[in-house]
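Peer 1: Pasting model_6.json below, which is JSON, C-alpha atoms.
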[["chain", "number", "residue", "atom", "x", "y", "z"],
["A", 1, "MET", "CA", 186.34, 45.85, -130.25],
["A", 2, "THR", "CA", 186.13, 47.51, -126.84],
["A", 3, "ALA", "CA", 183.33, 46.67, -124.42],
["A", 4, "ILE", "CA", 181.85, 50.14, -124.90],
["A", 5, "ALA", "CA", 181.87, 49.81, -128.68],
["A", 6, "GLU", "CA", 180.33, 46.33, -128.47],
["A", 7, "GLU", "CA", 177.58, 47.59, -126.20],
["A", 8, "ALA", "CA", 176.88, 50.47, -128.56],
["A", 9, "GLU", "CA", 176.60, 48.13, -131.54],
["A", 10, "THR", "CA", 174.23, 45.85, -129.64],
["A", 11, "GLU", "CA", 172.07, 48.82, -128.68],
["A", 12, "SER", "CA", 172.06, 49.95, -132.30],
["A", 13, "LEU", "CA", 170.71, 46.56, -133.38],
["A", 14, "ILE", "CA", 168.05, 46.62, -130.67],
["A", 15, "GLN", "CA", 166.92, 50.08, -131.79],
["A", 16, "ARG", "CA", 166.24, 48.67, -135.26],
["A", 17, "LEU", "CA", 163.40, 46.64, -133.74],
["A", 18, "TYR", "CA", 161.51, 49.86, -133.00],
["A", 19, "GLU", "CA", 160.97, 50.55, -136.70],
["A", 20, "GLY", "CA", 157.60, 48.80, -136.86],
["A", 21, "GLU", "CA", 156.12, 45.69, -138.44],
["A", 22, "GLN", "CA", 158.62, 45.44, -141.29],
["A", 23, "ALA", "CA", 161.71, 45.98, -139.14],
["A", 24, "LEU", "CA", 162.79, 42.35, -138.89],
["A", 25, "THR", "CA", 164.38, 41.71, -142.29],
["A", 26, "PRO", "CA", 166.45, 38.61, -143.16],
["A", 27, "ASP", "CA", 169.55, 40.80, -143.18],
["A", 28, "LEU", "CA", 168.81, 42.06, -139.68],
["A", 29, "VAL", "CA", 168.25, 38.51, -138.43],
["A", 30, "GLU", "CA", 171.71, 37.59, -139.69],
["A", 31, "GLN", "CA", 173.21, 40.59, -137.92],
["A", 32, "PHE", "CA", 171.62, 39.45, -134.68],
["A", 33, "ARG", "CA", 172.83, 35.91, -135.33],
["A", 34, "ALA", "CA", 176.39, 37.17, -135.73],
["A", 35, "ARG", "CA", 176.20, 38.82, -132.31],
["A", 36, "ARG", "CA", 174.16, 36.16, -130.56],
["A", 37, "GLU", "CA", 175.99, 36.16, -127.23],
["A", 38, "ALA", "CA", 175.57, 39.90, -126.79],
["A", 39, "VAL", "CA", 172.02, 40.34, -128.10],
["A", 40, "VAL", "CA", 170.18, 37.46, -126.40],
["A", 41, "PRO", "CA", 170.28, 39.06, -122.90],
["A", 42, "ALA", "CA", 169.05, 42.34, -124.40],
["A", 43, "LEU", "CA", 166.22, 40.58, -126.24],
["A", 44, "ARG", "CA", 165.17, 38.80, -123.06],
["A", 45, "ARG", "CA", 164.96, 42.11, -121.21],
["A", 46, "LEU", "CA", 162.64, 43.52, -123.87],
["A", 47, "LEU", "CA", 160.06, 40.84, -123.06],
["A", 48, "TYR", "CA", 159.51, 42.32, -119.60],
["A", 49, "ASP", "CA", 158.93, 45.92, -120.68],
["A", 50, "GLY", "CA", 155.15, 46.21, -120.49],
["A", 51, "ALA", "CA", 155.06, 49.51, -122.38],
["A", 52, "LEU", "CA", 156.41, 47.80, -125.50],
["A", 53, "TYR", "CA", 153.28, 45.64, -125.83],
["A", 54, "ASP", "CA", 151.09, 48.73, -126.27],
["A", 55, "THR", "CA", 150.23, 49.38, -129.91],
["A", 56, "GLU", "CA", 150.32, 53.08, -129.09],
["A", 57, "GLY", "CA", 153.73, 52.78, -127.46],
["A", 58, "PRO", "CA", 157.29, 52.67, -128.83],
["A", 59, "GLY", "CA", 157.53, 50.49, -131.91],
["A", 60, "GLY", "CA", 153.76, 50.15, -132.23],
["A", 61, "GLY", "CA", 153.69, 46.95, -130.18],
["A", 62, "TRP", "CA", 156.05, 45.12, -132.55],
["A", 63, "VAL", "CA", 159.23, 45.18, -130.44],
["A", 64, "PRO", "CA", 158.40, 42.16, -128.21],
["A", 65, "ILE", "CA", 157.07, 40.27, -131.24],
["A", 66, "HIS", "CA", 160.37, 40.81, -133.05],
["A", 67, "ALA", "CA", 162.28, 39.89, -129.88],
["A", 68, "VAL", "CA", 160.38, 36.60, -129.55],
["A", 69, "ARG", "CA", 160.97, 35.77, -133.21],
["A", 70, "LEU", "CA", 164.67, 36.44, -132.86],
["A", 71, "LEU", "CA", 164.98, 34.30, -129.74],
["A", 72, "GLY", "CA", 163.42, 31.47, -131.73],
["A", 73, "GLU", "CA", 165.68, 32.05, -134.72],
["A", 74, "LEU", "CA", 168.71, 32.09, -132.42],
["A", 75, "ARG", "CA", 167.57, 28.87, -130.70],
["A", 76, "ALA", "CA", 168.01, 30.71, -127.40],
["A", 77, "GLU", "CA", 167.58, 27.87, -124.91],
["A", 78, "GLU", "CA", 168.42, 30.27, -122.08],
["A", 79, "ALA", "CA", 165.27, 32.25, -122.90],
["A", 80, "VAL", "CA", 162.78, 29.36, -122.58],
["A", 81, "ASP", "CA", 161.45, 30.46, -119.19],
["A", 82, "ASP", "CA", 161.08, 34.04, -120.46],
["A", 83, "LEU", "CA", 159.12, 32.83, -123.47],
["A", 84, "MET", "CA", 156.86, 30.73, -121.25],
["A", 85, "ASP", "CA", 156.20, 33.86, -119.18],
["A", 86, "VAL", "CA", 155.18, 35.71, -122.34],
["A", 87, "LEU", "CA", 152.93, 32.83, -123.34],
["A", 88, "ALA", "CA", 151.27, 32.72, -119.92],
["A", 89, "GLU", "CA", 150.42, 36.43, -120.15],
["A", 90, "SER", "CA", 149.19, 36.33, -123.75],
["A", 91, "GLN", "CA", 145.57, 36.48, -124.84],
["A", 92, "GLN", "CA", 144.05, 34.16, -127.43],
["A", 93, "GLU", "CA", 143.74, 36.80, -130.14],
["A", 94, "GLU", "CA", 147.24, 38.20, -129.76],
["A", 95, "ILE", "CA", 149.75, 37.50, -132.51],
["A", 96, "ILE", "CA", 152.50, 37.11, -129.93],
["A", 97, "ARG", "CA", 150.82, 33.96, -128.65],
["A", 98, "GLN", "CA", 151.42, 32.06, -131.89],
["A", 99, "ILE", "CA", 154.82, 33.67, -132.43],
["A", 100, "THR", "CA", 155.91, 32.49, -128.98],
["A", 101, "LEU", "CA", 154.71, 28.94, -129.61],
["A", 102, "GLU", "CA", 156.63, 28.96, -132.90],
["A", 103, "ALA", "CA", 159.78, 30.23, -131.16],
["A", 104, "LEU", "CA", 159.56, 27.47, -128.56],
["A", 105, "LYS", "CA", 159.12, 24.94, -131.36],
["A", 106, "GLN", "CA", 162.28, 26.28, -133.01],
["A", 107, "ILE", "CA", 164.19, 25.92, -129.75],
["A", 108, "GLY", "CA", 162.99, 22.33, -129.66],
["A", 109, "LEU", "CA", 163.65, 19.70, -127.03],
["A", 110, "ALA", "CA", 165.25, 22.19, -124.64],
["A", 111, "ALA", "CA", 161.80, 23.78, -124.23],
["A", 112, "LEU", "CA", 160.17, 20.50, -123.22],
["A", 113, "PRO", "CA", 160.67, 20.64, -119.41],
["A", 114, "ALA", "CA", 159.12, 24.11, -119.20],
["A", 115, "ALA", "CA", 156.27, 23.06, -121.49],
["A", 116, "LEU", "CA", 155.57, 20.00, -119.36],
["A", 117, "ASP", "CA", 155.47, 22.16, -116.22],
["A", 118, "PHE", "CA", 153.10, 24.59, -117.92],
["A", 119, "LEU", "CA", 150.79, 21.77, -119.00],
["A", 120, "ARG", "CA", 150.75, 20.44, -115.45],
["A", 121, "TRP", "CA", 150.05, 23.68, -113.59],
["A", 122, "SER", "CA", 148.26, 26.10, -115.92],
["A", 123, "GLN", "CA", 144.54, 26.69, -115.36],
["A", 124, "ARG", "CA", 143.94, 28.06, -118.88],
["A", 125, "THR", "CA", 142.59, 25.04, -120.71],
["A", 126, "GLY", "CA", 142.78, 26.46, -124.23],
["A", 127, "LEU", "CA", 146.38, 27.54, -123.77],
["A", 128, "GLN", "CA", 147.18, 24.19, -122.19],
["A", 129, "GLY", "CA", 145.88, 22.57, -125.36],
["A", 130, "GLU", "CA", 148.20, 24.65, -127.51],
["A", 131, "VAL", "CA", 151.16, 23.82, -125.28],
["A", 132, "ALA", "CA", 150.15, 20.16, -125.53],
["A", 133, "GLY", "CA", 150.47, 20.51, -129.30],
["A", 134, "LEU", "CA", 153.94, 21.97, -128.80],
["A", 135, "ILE", "CA", 154.86, 18.98, -126.64],
["A", 136, "GLY", "CA", 153.58, 16.66, -129.36],
["A", 137, "LEU", "CA", 155.91, 18.33, -131.85],
["A", 138, "ILE", "CA", 159.10, 18.62, -129.80],
["A", 139, "GLY", "CA", 158.74, 15.61, -127.50],
["A", 140, "LYS", "CA", 158.77, 12.77, -130.03],
["A", 141, "GLU", "CA", 162.07, 11.41, -128.74],
["A", 142, "ASP", "CA", 161.43, 12.01, -125.05],
["A", 143, "GLU", "CA", 159.73, 9.42, -122.86],
["A", 144, "ARG", "CA", 158.19, 12.12, -120.65],
["A", 145, "ALA", "CA", 155.94, 13.44, -123.40],
["A", 146, "TYR", "CA", 153.42, 10.61, -123.77],
["A", 147, "PRO", "CA", 152.51, 10.23, -120.06],
["A", 148, "ALA", "CA", 152.03, 13.99, -119.79],
["A", 149, "LEU", "CA", 149.78, 14.17, -122.85],
["A", 150, "LYS", "CA", 147.84, 11.10, -121.74],
["A", 151, "THR", "CA", 147.18, 12.71, -118.35],
["A", 152, "PHE", "CA", 146.08, 15.94, -120.01],
["A", 153, "TYR", "CA", 143.76, 14.00, -122.31],
["A", 154, "GLU", "CA", 142.19, 12.20, -119.36],
["A", 155, "GLN", "CA", 141.66, 15.46, -117.48],
["A", 156, "THR", "CA", 139.82, 17.18, -120.34],
["A", 157, "ASN", "CA", 136.40, 16.65, -121.86],
["A", 158, "TRP", "CA", 134.90, 17.18, -125.28],
["A", 159, "ASP", "CA", 133.39, 20.50, -124.22],
["A", 160, "GLY", "CA", 136.86, 21.68, -123.28],
["A", 161, "ALA", "CA", 140.25, 20.92, -124.78],
["A", 162, "ARG", "CA", 140.00, 17.22, -125.53],
["A", 163, "THR", "CA", 140.11, 17.83, -129.28],
["A", 164, "LEU", "CA", 143.43, 19.63, -128.76],
["A", 165, "ALA", "CA", 144.62, 16.77, -126.55],
["A", 166, "VAL", "CA", 143.80, 14.24, -129.28],
["A", 167, "SER", "CA", 145.64, 16.39, -131.81],
["A", 168, "ALA", "CA", 148.69, 16.54, -129.53],
["A", 169, "LEU", "CA", 148.75, 12.76, -129.13],
["A", 170, "THR", "CA", 148.51, 12.45, -132.90],
["A", 171, "LEU", "CA", 151.41, 14.85, -133.42],
["A", 172, "LEU", "CA", 153.50, 12.85, -130.97],
["A", 173, "GLY", "CA", 152.81, 9.73, -133.01],
["A", 174, "ASP", "CA", 153.10, 7.35, -130.07],
["A", 175, "GLN", "CA", 151.32, 4.06, -130.79],
["A", 176, "ARG", "CA", 150.38, 3.76, -127.11],
["A", 177, "ALA", "CA", 147.64, 6.31, -127.78],
["A", 178, "ILE", "CA", 145.71, 3.93, -130.05],
["A", 179, "PRO", "CA", 143.94, 1.92, -127.28],
["A", 180, "LEU", "CA", 143.13, 5.19, -125.51],
["A", 181, "LEU", "CA", 141.47, 6.65, -128.59],
["A", 182, "ARG", "CA", 139.70, 3.39, -129.43],
["A", 183, "PHE", "CA", 138.21, 3.32, -125.95],
["A", 184, "ALA", "CA", 137.01, 6.91, -126.37],
["A", 185, "LEU", "CA", 134.82, 5.81, -129.27],
["A", 186, "ASN", "CA", 132.65, 4.00, -126.71],
["A", 187, "GLU", "CA", 131.78, 7.18, -124.80],
["A", 188, "ARG", "CA", 128.04, 7.76, -124.77],
["A", 189, "ASP", "CA", 127.97, 11.54, -125.19],
["A", 190, "LEU", "CA", 130.15, 11.78, -128.28],
["A", 191, "GLN", "CA", 129.16, 14.21, -131.00],
["A", 192, "PRO", "CA", 129.68, 13.49, -134.72],
["A", 193, "SER", "CA", 132.60, 15.92, -134.74],
["A", 194, "ASP", "CA", 134.19, 13.99, -131.85],
["A", 195, "VAL", "CA", 133.93, 10.75, -133.81],
["A", 196, "ALA", "CA", 135.52, 12.45, -136.82],
["A", 197, "THR", "CA", 138.37, 13.75, -134.63],
["A", 198, "LEU", "CA", 139.05, 10.29, -133.22],
["A", 199, "ALA", "CA", 138.82, 8.63, -136.63],
["A", 200, "THR", "CA", 141.31, 11.09, -138.10],
["A", 201, "ALA", "CA", 143.71, 10.58, -135.20],
["A", 202, "LEU", "CA", 143.54, 6.80, -135.41],
["A", 203, "GLY", "CA", 144.12, 6.95, -139.16],
["A", 204, "GLU", "CA", 147.20, 9.12, -138.71],
["A", 205, "LEU", "CA", 148.50, 6.67, -136.11],
["A", 206, "GLY", "CA", 148.31, 3.88, -138.66],
["A", 207, "VAL", "CA", 144.95, 2.29, -137.90],
["A", 208, "ASN", "CA", 142.87, 1.11, -140.86],
["A", 209, "ILE", "CA", 139.76, 3.09, -139.96],
["A", 210, "GLU", "CA", 137.66, 1.44, -142.67],
["A", 211, "ARG", "CA", 137.98, -1.83, -140.76],
["A", 212, "GLU", "CA", 138.03, -0.43, -137.23],
["A", 213, "PRO", "CA", 135.21, -2.14, -135.25],
["A", 214, "ALA", "CA", 135.04, 0.54, -132.54],
["A", 215, "LEU", "CA", 134.58, 3.24, -135.17],
["A", 216, "LYS", "CA", 131.86, 1.26, -136.94],
["A", 217, "ARG", "CA", 129.99, 0.84, -133.66],
["A", 218, "ALA", "CA", 130.31, 4.54, -132.90],
["A", 219, "MET", "CA", 129.00, 5.50, -136.33],
["A", 220, "ARG", "CA", 125.97, 3.23, -135.89],
["A", 221, "ARG", "CA", 125.29, 4.76, -132.50],
["A", 222, "ILE", "CA", 125.87, 8.37, -133.58],
["A", 223, "PRO", "CA", 124.49, 8.77, -137.11],
["A", 224, "LEU", "CA", 125.37, 11.87, -139.07],
["A", 225, "HIS", "CA", 122.43, 14.14, -139.80],
["A", 226, "SER", "CA", 124.47, 16.35, -142.10],
["A", 227, "PRO", "CA", 128.11, 16.59, -143.24],
["A", 228, "GLU", "CA", 128.44, 19.88, -141.35],
["A", 229, "GLN", "CA", 128.21, 17.99, -138.08],
["A", 230, "LEU", "CA", 131.77, 16.82, -138.59],
["A", 231, "GLU", "CA", 132.96, 20.35, -137.82],
["A", 232, "PRO", "CA", 132.42, 21.60, -134.25],
["A", 233, "ARG", "CA", 130.61, 24.93, -133.94],
["A", 234, "LEU", "CA", 131.34, 27.49, -131.27],
["A", 235, "MET", "CA", 129.39, 30.22, -129.50],
["A", 236, "GLU", "CA", 131.10, 33.02, -127.59],
["A", 237, "ASP", "CA", 129.94, 34.34, -124.24],
["A", 238, "ASP", "CA", 130.10, 38.02, -123.22],
["A", 239, "GLU", "CA", 133.75, 37.67, -122.25],
["A", 240, "GLY", "CA", 134.72, 36.33, -125.66],
["A", 241, "GLN", "CA", 135.29, 32.78, -124.44],
["A", 242, "ALA", "CA", 134.24, 30.19, -127.01],
["A", 243, "HIS", "CA", 132.09, 27.25, -125.92],
["A", 244, "ARG", "CA", 131.30, 24.29, -128.12],
["A", 245, "ILE", "CA", 127.71, 23.89, -129.25],
["A", 246, "ARG", "CA", 126.40, 20.42, -128.51],
["A", 247, "GLN", "CA", 123.79, 18.45, -130.45],
["A", 248, "ASP", "CA", 120.94, 16.27, -129.28],
["A", 249, "ALA", "CA", 119.94, 12.87, -130.66],
["A", 250, "GLN", "CA", 117.91, 14.55, -133.41],
["A", 251, "GLY", "CA", 120.86, 16.61, -134.56],
["A", 252, "ARG", "CA", 119.51, 19.90, -133.15],
["A", 253, "LEU", "CA", 122.06, 22.44, -131.97],
["A", 254, "LEU", "CA", 121.90, 23.23, -128.25],
["A", 255, "CYS", "CA", 122.94, 26.42, -126.47],
["A", 256, "PRO", "CA", 126.16, 25.72, -124.52],
["A", 257, "HIS", "CA", 124.94, 27.99, -121.70],
["A", 258, "CYS", "CA", 121.34, 26.95, -121.05],
["A", 259, "GLY", "CA", 120.85, 23.82, -123.18],
["A", 260, "GLN", "CA", 117.92, 25.25, -125.16],
["A", 261, "PRO", "CA", 117.66, 24.41, -128.89],
["A", 262, "LEU", "CA", 119.20, 26.89, -131.33],
["A", 263, "VAL", "CA", 118.12, 27.79, -134.85],
["A", 264, "GLU", "CA", 119.73, 29.67, -137.72],
["A", 265, "GLU", "CA", 118.29, 33.15, -138.13],
["A", 266, "GLY", "CA", 119.82, 35.80, -140.35],
["A", 267, "GLY", "CA", 123.14, 34.01, -140.44],
["A", 268, "SER", "CA", 123.32, 33.76, -136.64],
["A", 269, "LEU", "CA", 122.33, 31.16, -134.09],
["A", 270, "VAL", "CA", 119.47, 32.19, -131.81],
["A", 271, "HIS", "CA", 117.30, 30.37, -129.29],
["A", 272, "ALA", "CA", 114.49, 28.44, -130.94],
["A", 273, "SER", "CA", 111.99, 29.57, -128.32],
["A", 274, "PRO", "CA", 111.87, 32.86, -126.44],
["A", 275, "THR", "CA", 113.49, 33.04, -123.04],
["A", 276, "PRO", "CA", 110.71, 33.18, -120.40],
["A", 277, "VAL", "CA", 109.77, 36.68, -119.27],
["A", 278, "ARG", "CA", 111.44, 37.48, -115.99],
["A", 279, "THR", "CA", 109.07, 38.37, -113.18],
["A", 280, "GLN", "CA", 111.76, 39.90, -110.99],
["A", 281, "LYS", "CA", 114.88, 41.92, -111.56],
["A", 282, "VAL", "CA", 118.01, 39.82, -111.86],
["A", 283, "GLY", "CA", 121.37, 41.35, -111.01],
["A", 284, "ARG", "CA", 124.25, 40.95, -113.45],
["A", 285, "ASN", "CA", 126.20, 38.98, -110.87],
["A", 286, "ASP", "CA", 123.26, 36.77, -109.84],
["A", 287, "PRO", "CA", 122.94, 33.17, -111.07],
["A", 288, "CYS", "CA", 121.29, 33.12, -114.48],
["A", 289, "PRO", "CA", 117.59, 32.14, -114.21],
["A", 290, "CYS", "CA", 117.96, 29.80, -117.19],
["A", 291, "GLY", "CA", 119.68, 27.32, -114.88],
["A", 292, "SER", "CA", 123.03, 27.19, -116.67],
["A", 293, "GLY", "CA", 124.95, 27.73, -113.43],
["A", 294, "LYS", "CA", 126.74, 30.75, -114.92],
["A", 295, "LYS", "CA", 126.39, 34.34, -113.77],
["A", 296, "TYR", "CA", 123.59, 36.23, -115.50],
["A", 297, "LYS", "CA", 126.07, 38.65, -117.13],
["A", 298, "HIS", "CA", 127.99, 35.73, -118.62],
["A", 299, "CYS", "CA", 124.92, 33.94, -119.94],
["A", 300, "CYS", "CA", 121.54, 35.40, -120.96],
["A", 301, "TRP", "CA", 122.06, 39.05, -119.98],
["A", 302, "LYS", "CA", 123.22, 40.12, -123.43],
["A", 303, "LYS", "CA", 120.29, 38.39, -125.16],
["A", 304, "ASP", "CA", 117.83, 40.02, -122.76],
["A", 305, "GLN", "CA", 119.36, 43.44, -123.37],
["A", 306, "GLU", "CA", 118.98, 43.00, -127.12],
["A", 307, "LYS", "CA", 115.29, 42.17, -126.61],
["A", 308, "GLY", "CA", 114.88, 45.39, -124.65]]
Since I need it in another form, could you write the structure as structure tokens?
Peer 2:
Amino acid sequence: MTAIAEEAETESLIQRLYEGEQALTPDLVEQFRARREAVVPALRRLLYDGALYDTEGPGGGWVPIHAVRLLGELRAEEAVDDLMDVLAESQQEEIIRQITLEALKQIGLAALPAALDFLRWSQRTGLQGEVAGLIGLIGKEDERAYPALKTFYEQTNWDGARTLAVSALTLLGDQRAIPLLRFALNERDLQPSDVATLATALGELGVNIEREPALKRAMRRIPLHSPEQLEPRLMEDDEGQAHRIRQDAQGRLLCPHCGQPLVEEGGSLVHASPTPVRTQKVGRNDPCPCGSGKKYKHCCWKKDQEKG
């Protein structure tokens, strides 16, 4: 086959990806697999075409998703940095975020160095937590994985990504995590859901949790008020960022922004007592008067608007 004919056949395969959600059939995957050397560079280039991510654009936004899936199926180690770029630009609700993580998992150990770098330098805690989970899956045989996950665990807190860090350590299955998790059971501000997370992790690492003294002490110190407390609850701010709802010693839910008690009302969580009437106009970018430390627009502004 001449170079021109080969290029034309590669382009023909790439064009098939523009056919929408159902374009990537098993048969098409095999065709790409048969021409791996030629198609991988073309697939990598697709990831940097911003117009293809637009649902109103060519292919309805599915072209980069198909490209990422194919790079995973082809175990394209040369595309790891490109996939990490896609991941770094993704938003939490986007399907491509999970597809990219899956592709990196398929590539396996070759993706570990880039994942470790991402975990070290990224400022997006939630995404760091997901990459930590990836490291836990692909780094089982690599000595670099445990120190990196341990450091990430120590840098997080229970209001942030520590649950994801615990999950990553559990996935890695390294017994060195057991003393770390045992020690965490002594923390004074643990919530019931935190205790449940640690107990599950220790159990999966081989600890007999029914006889674990640290767990028994934690359960005496942090009694369960209801079974639902084992599951963490979240509240979103105006930017769609989820923050974990804490509980006080009486089991009452507390607003993650201002610390006021919350109650169930009409299927939603609302403040148990009205927010004090404001005696002066507060700008959207001013500090919130509730004392949360957040900007007004990111805290109580929406609630105040709803009250009129």
Peer 1: Work out how far apart CA of Thr10 in chain A and CA of Gly60 in chain A are and give it in Å to one decimal.
Peer 2: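 A separation of 21.1 Å between them.
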Peer 1: Calculate how many Å separate CA of Leu43 in chain A from CA of Lys140 in chain A, rounding to one decimal.
Peer 2: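 Computing the Euclidean distance for CA of Leu43 in chain A and CA of Lys140 in chain A yields 29.0 Å.
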Peer 1: What's the separation between CA of Asp49 in chain A and CA of Gln22 in chain A, in Å to one decimal place?
Peer 2: 20.6 Å
Peer 1: So that I can check the surroundings of range 108-113 of chain A, please list as a tab-separated table (two decimals) with C-alpha atoms, in the coordinates of the input every protein, DNA and RNA residue that reaches within 10 Å of it, counting only C-alpha atoms and ignoring chain neighbours fewer than 6 positions away.
Peer 2:
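Generated output (around36.tsv):
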chain	number	residue	atom	x	y	z
A	72	GLY	CA	163.42	31.47	-131.73
A	75	ARG	CA	167.57	28.87	-130.70
A	76	ALA	CA	168.01	30.71	-127.40
A	77	GLU	CA	167.58	27.87	-124.91
A	78	GLU	CA	168.42	30.27	-122.08
A	79	ALA	CA	165.27	32.25	-122.90
A	80	VAL	CA	162.78	29.36	-122.58
A	81	ASP	CA	161.45	30.46	-119.19
A	83	LEU	CA	159.12	32.83	-123.47
A	84	MET	CA	156.86	30.73	-121.25
A	102	GLU	CA	156.63	28.96	-132.90
A	119	LEU	CA	150.79	21.77	-119.00
A	131	VAL	CA	151.16	23.82	-125.28
A	134	LEU	CA	153.94	21.97	-128.80
A	135	ILE	CA	154.86	18.98	-126.64
A	136	GLY	CA	153.58	16.66	-129.36
A	137	LEU	CA	155.91	18.33	-131.85
A	138	ILE	CA	159.10	18.62	-129.80
A	139	GLY	CA	158.74	15.61	-127.50
A	140	LYS	CA	158.77	12.77	-130.03
A	141	GLU	CA	162.07	11.41	-128.74
A	142	ASP	CA	161.43	12.01	-125.05
A	144	ARG	CA	158.19	12.12	-120.65
A	145	ALA	CA	155.94	13.44	-123.40
Peer 1: What are the centre and the three edge lengths of an axis-aligned box that wraps all atoms of range 216-219 of chain A in the file, given that 5 Å is added to every side, written as AutoDock Vina command-line options and rounded to one decimal in Å?
Peer 2:
--center_x 130.4 --center_y 3.2 --center_z -134.9 --size_x 12.9 --size_y 14.7 --size_z 14.0
Peer 1: Would you list the contacts of Val63 in chain A as JSON, numbers by chain, taking every protein, DNA or RNA residue within 10 Å and counting only C-alpha atoms, but skipping same-chain residues closer than 6 positions in sequence?
Peer 2: {"A": [14, 15, 16, 17, 18, 19, 20, 21, 23, 24, 43, 46, 47, 49, 52, 53, 54, 55, 57, 69]}
